[in-house]
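Engineer: Please find one structure pasted underneath; my questions will follow.
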Amino acid sequence: MVTELPWDEKTGTLRRDLAAGMMNPACKHALEAALQIKEHHPANITVMTMGPPAAEEVLREALALGADKAVLVCDRLLAGSDTFATSLILKEAIKKKCPKFDLILCGAYTADSETAQVGPQLAEELDLPAAAYVEKLEIFRKTLRVRRLVDNFRETLEMEFPALVTISMENYKPRYTGLAGLESAFDKNDVVILDAKALGLTAASIEKKGSRTKVRKVFLRKTQKGNVLLQGAASAVVTEFLDKYQRKIGTVIGKSIEEKKSDEKK
Amino acid sequence: MKKRSPMKKNSKKSIWVFGDYRNYYQNRVTLQLIARAVALAKVIDAEVCALIFGYEIDEWIMEYTAHGADRILAIDDPELQSYSTERYLAIIERLAGERDPEIILIGATDFGREFAPRLAKRLKTGLSADCVGLDITDDGLLLQIAPSFGGNMLAEIVTERHRPQMATVRPGTFKEIPHDNQRKAVVERLPLMKNLPKPRVRLIEYERSVEKEHTIENASVIVCGGRGMGNKEKFKKLQELARLLGGDVGATRPVVYAGWADHDVLVGQAGKHIKPKLLFSFGISGAIQHTAGLGEANFIIAINKNPQATMLKMADVAIVGDASDVLNHLIRELKKRIRE
């Protein structure tokens, strides 16, 4: 499974152009939060992502679900960006396409390397009050109140708009994408595509202001698994398994499970 | 950011470790990082400096000293009574500007993973996330070994030209140095800087969440179930095996979505990262979203009726069979055998 992932061996980065176009689960939750806000407040939702042309599918899915506008930042020059560069590029795109935003919602995780760094770094880029791992949002006029659970602390925080939050997977369960909606979203031609030039970025400026980290090597995690295969009738397999590993299991659970016919009961 | 001189004279290089003391007794990541920093410091001839910001923090100053820090930078002020990302950012930005640390290490707690990216951005430097290894390269850089693509691959990451080099590190990656009361450190007690920007995020209320004190993240036995269990009733029987083994039940995302289990036992990329000594995996195919959370499982027993399931390939013991059937037999047999 792992070896089939489209890694670029030369650059050590994921070939996002080959990875399936699928919305990050956490981003789906963030979109759901935005849609719920829109149900109660006059709001306009812009969805934005950076990726290969195929990432347009993800944006169309978001449009089908109820987003109003979509922006794809797409340029080979930007491929392989780390989170430092990505947050900078997204800031430029936001300044260009939706500078008057009130709230930015991000998924609290990403599917590939799960760094969860872009959201917080984007907050720095835009100089916004921010909170990560948000489970619940409430809006009172100009104030945003959020609840979250971090490191075993249940917190309620407040900040003024504009603000940025990253949404956890605790609440805001994504709604179902109706097929009909999806199709009509594919008919519409309303995904704005921005390249590096449109954002005022050149190869030189990206080199200077872009990625701080460098991947020197990517390798498969070593696993020294014995991989003993057992098959057959369930009862026989279970007996074989317990006989073979009774000592190991007993040590971990702190009880003996060694079979002794003469000592069935304590 | 001001310009930094690459060769600052008369000052020893410094490795900073952020003191994340909020769950000190449950989460020893700061001590683990101090221990690793001590080893790295020898290679690059640096000192290890622990940062502690809070109110009435003498206990942590003593602890970090006893566990290996050479220097402590402490700010003890009632205004720092509760954790504040914005305050800590402003404080460290100032301190780093004055003192040019070579490396800053932060535990990959929830707090650390929100705080570190912002600090790295503010210091205009690189950061790797949730590292599972740290070393020094031949050219003297901090080698940051971080999980990539859902944890099945590892990447070796360096920050070549910018300082400090920063990493968040997964709790449990390193071993703390045993407590030694005789150990001494230079303790610098600094005043809280004046004219720090006023935080824009207000903490309205917070409380320690009691119900989550025990999580499956620190269970030594975990019984995980997937859709292959068949239905909710059959899934619930995993609880019985977990009880017999003194462990906890974990679940995959489809199972959580189906309502067979609560979200707080979700194991995987978007849920809990577990490190049990024994992991039983029932009816789980092994999608990357799930296996990403199993990186630290020590001994895996997987049961699946599909002999090609990824989960079986990852296992120490792979049992081909119906998950629910095998579970029932295992429960029955264990009840016969277990003696206290």
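Within each chain, counting starts at residue 1; across the structure tokens, chains are named A, B, ... in the order shown, with ligands numbered 1 upward in that order.
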Please report as a PyMOL selection string which residues of chain A come no farther than 6 Å from chain B, using only C-alpha atoms.
Structural biologist: chain A and resi 112-113+115+117+120-121+129+150-159+212-221+225-231+234-235+238+253+255-257+259
Engineer: Write the residues you've just listed into a file as an mmCIF file, in the first residue's frame, and include C-alpha atoms for each of them.
Structural biologist:
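Output (again_6.cif):
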data_model
loop_
_atom_site.group_PDB
_atom_site.id
_atom_site.type_symbol
_atom_site.label_atom_id
_atom_site.label_comp_id
_atom_site.auth_asym_id
_atom_site.auth_seq_id
_atom_site.Cartn_x
_atom_site.Cartn_y
_atom_site.Cartn_z
ATOM 1 C CA ASP A 112 -0.739 13.833 4.156
ATOM 2 C CA SER A 113 1.772 14.693 6.789
ATOM 3 C CA THR A 115 1.471 18.792 10.516
ATOM 4 C CA GLN A 117 0.791 23.925 11.053
ATOM 5 C CA PRO A 120 -1.706 28.702 13.011
ATOM 6 C CA GLN A 121 0.950 30.037 10.624
ATOM 7 C CA PRO A 129 -6.472 36.307 16.865
ATOM 8 C CA VAL A 150 -6.735 20.967 24.615
ATOM 9 C CA ASP A 151 -4.418 18.800 26.676
ATOM 10 C CA ASN A 152 -7.247 17.785 28.991
ATOM 11 C CA PHE A 153 -8.399 21.342 29.551
ATOM 12 C CA ARG A 154 -11.830 22.402 28.459
ATOM 13 C CA GLU A 155 -11.562 26.022 27.399
ATOM 14 C CA THR A 156 -13.932 28.766 26.320
ATOM 15 C CA LEU A 157 -12.229 31.579 24.444
ATOM 16 C CA GLU A 158 -13.463 34.822 22.963
ATOM 17 C CA MET A 159 -12.045 37.074 20.290
ATOM 18 C CA ARG A 212 12.540 27.048 5.498
ATOM 19 C CA THR A 213 12.769 23.307 5.870
ATOM 20 C CA LYS A 214 14.283 20.833 3.482
ATOM 21 C CA VAL A 215 13.466 17.164 3.221
ATOM 22 C CA ARG A 216 16.751 15.356 2.772
ATOM 23 C CA LYS A 217 15.417 11.854 2.652
ATOM 24 C CA VAL A 218 12.161 9.949 2.853
ATOM 25 C CA PHE A 219 12.117 6.326 3.805
ATOM 26 C CA LEU A 220 9.738 3.564 4.793
ATOM 27 C CA ARG A 221 9.300 3.127 8.456
ATOM 28 C CA LYS A 225 7.207 -7.776 12.475
ATOM 29 C CA GLY A 226 7.308 -11.543 12.859
ATOM 30 C CA ASN A 227 4.073 -11.836 10.929
ATOM 31 C CA VAL A 228 3.029 -15.271 12.062
ATOM 32 C CA LEU A 229 0.017 -16.354 10.052
ATOM 33 C CA LEU A 230 -2.685 -18.425 11.701
ATOM 34 C CA GLN A 231 -5.743 -19.759 9.934
ATOM 35 C CA ALA A 234 -11.845 -20.097 15.053
ATOM 36 C CA SER A 235 -11.638 -22.307 18.132
ATOM 37 C CA VAL A 238 -7.618 -19.195 19.299
ATOM 38 C CA ILE A 253 -1.845 -7.960 31.609
ATOM 39 C CA LYS A 255 -2.228 -12.246 35.118
ATOM 40 C CA SER A 256 -1.385 -15.787 34.193
ATOM 41 C CA ILE A 257 -3.247 -17.322 31.306
ATOM 42 C CA GLU A 259 -3.357 -23.439 30.863
#
Engineer: Set the distance at 9 Å and use only C-alpha atoms: which residues neighbour Cys74 in chain A once local chain neighbours fewer than 4 positions away are removed? I'd like the list as JSON, numbers by chain.
Structural biologist: {"A": [49, 50, 51, 52, 53, 55, 78, 79, 193, 194, 195, 196]}
Engineer: Put those residues in a file: C-alpha atoms, as a compact mmCIF listing (two decimals), in the first residue's frame.
Structural biologist:
# COMPACT_ATOMS: atom_id res chain seq x y z
CA THR A 49 -6.92 25.40 -1.54
CA MET A 50 -3.46 25.14 -2.96
CA GLY A 51 -2.62 22.15 -5.08
CA PRO A 52 -2.41 20.60 -8.52
CA PRO A 53 -5.14 21.15 -11.14
CA ALA A 55 -7.54 19.82 -6.57
CA LEU A 78 4.78 26.39 -5.59
CA ALA A 79 5.03 22.60 -5.52
CA ILE A 193 -7.39 29.81 -10.52
CA LEU A 194 -4.42 31.83 -9.31
CA ASP A 195 -0.84 31.15 -10.30
CA ALA A 196 2.32 32.45 -8.70
Engineer: Applying 10 Å and only C-alpha atoms, which residues near range 181-184 of chain B remain after dropping the ones on its own chain fewer than 4 positions away? List them as a list in words.
Structural biologist: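 Answer for this query is Met62, Glu63, Tyr64, Thr65, Ala66, His67, Gly68, Ala69, Asp70 and Arg71 of chain B.
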Engineer: Counting only C-alpha atoms, which residue out of A:Val192, A:Gly66, A:Glu92, A:Asp243 sits closest to Ile37 in chain A?
Structural biologist: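 Among the listed residues, the smallest separation from Ile37 in chain A belongs to A:Gly66.
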Engineer: To test your reading of the structure, identify every residue in range 140-310 of chain B that backbone DSSP assigns to strand (DSSP E or B), and report it as a PyMOL selection string.
Structural biologist: chain B and resi 142-148+153-159+165-169+186-190+202-208+221-225+248-251+266-267+272+278-282+299-304
Engineer: Run DSSP on the backbone and grab whatever in range 124-256 of chain A lands in alpha helix (DSSP H); send it over as a short mmCIF file (atom, residue, chain, number, x, y, z; two decimals) with C-alpha atoms, in the first residue's frame.
Structural biologist:
data_model
loop_
_atom_site.label_atom_id
_atom_site.label_comp_id
_atom_site.auth_asym_id
_atom_site.auth_seq_id
_atom_site.Cartn_x
_atom_site.Cartn_y
_atom_site.Cartn_z
CA GLU A 124 0.49 34.86 12.08
CA GLU A 125 0.76 35.92 8.44
CA LEU A 179 -25.06 13.73 -6.57
CA ALA A 180 -27.29 16.24 -8.32
CA GLY A 181 -25.60 19.09 -6.50
CA LEU A 182 -22.22 17.72 -7.45
CA GLU A 183 -23.09 17.57 -11.11
CA SER A 184 -24.42 21.09 -11.25
CA ALA A 185 -21.32 22.26 -9.44
CA PHE A 186 -19.25 20.71 -12.18
CA ASP A 187 -21.28 22.56 -14.77
CA ALA A 203 10.95 31.95 -8.53
CA ALA A 204 13.39 34.31 -6.83
CA SER A 205 10.95 35.64 -4.24
CA ILE A 206 9.75 32.12 -3.46
CA GLU A 207 13.33 31.02 -2.96
CA LYS A 208 13.88 33.92 -0.58
CA LYS A 209 10.61 34.04 1.32
CA ALA A 234 -11.85 -20.10 15.05
CA SER A 235 -11.64 -22.31 18.13
CA ALA A 236 -8.48 -24.04 16.95
CA VAL A 237 -6.83 -20.79 15.95
CA VAL A 238 -7.62 -19.20 19.30
CA THR A 239 -6.17 -22.14 21.20
CA GLU A 240 -3.06 -22.17 19.06
CA PHE A 241 -2.66 -18.42 19.53
CA LEU A 242 -3.07 -18.50 23.30
CA ASP A 243 -0.75 -21.50 23.70
CA LYS A 244 1.91 -19.79 21.71
CA TYR A 245 1.67 -16.34 23.29
CA GLN A 246 0.35 -17.04 26.79
CA ARG A 247 3.56 -15.91 28.41
CA LYS A 248 3.70 -12.65 26.46
CA ILE A 249 0.08 -11.76 27.06
CA GLY A 250 0.25 -12.79 30.70
CA THR A 251 3.22 -10.51 31.29
CA VAL A 252 1.45 -7.49 29.81
CA ILE A 253 -1.84 -7.96 31.61
#
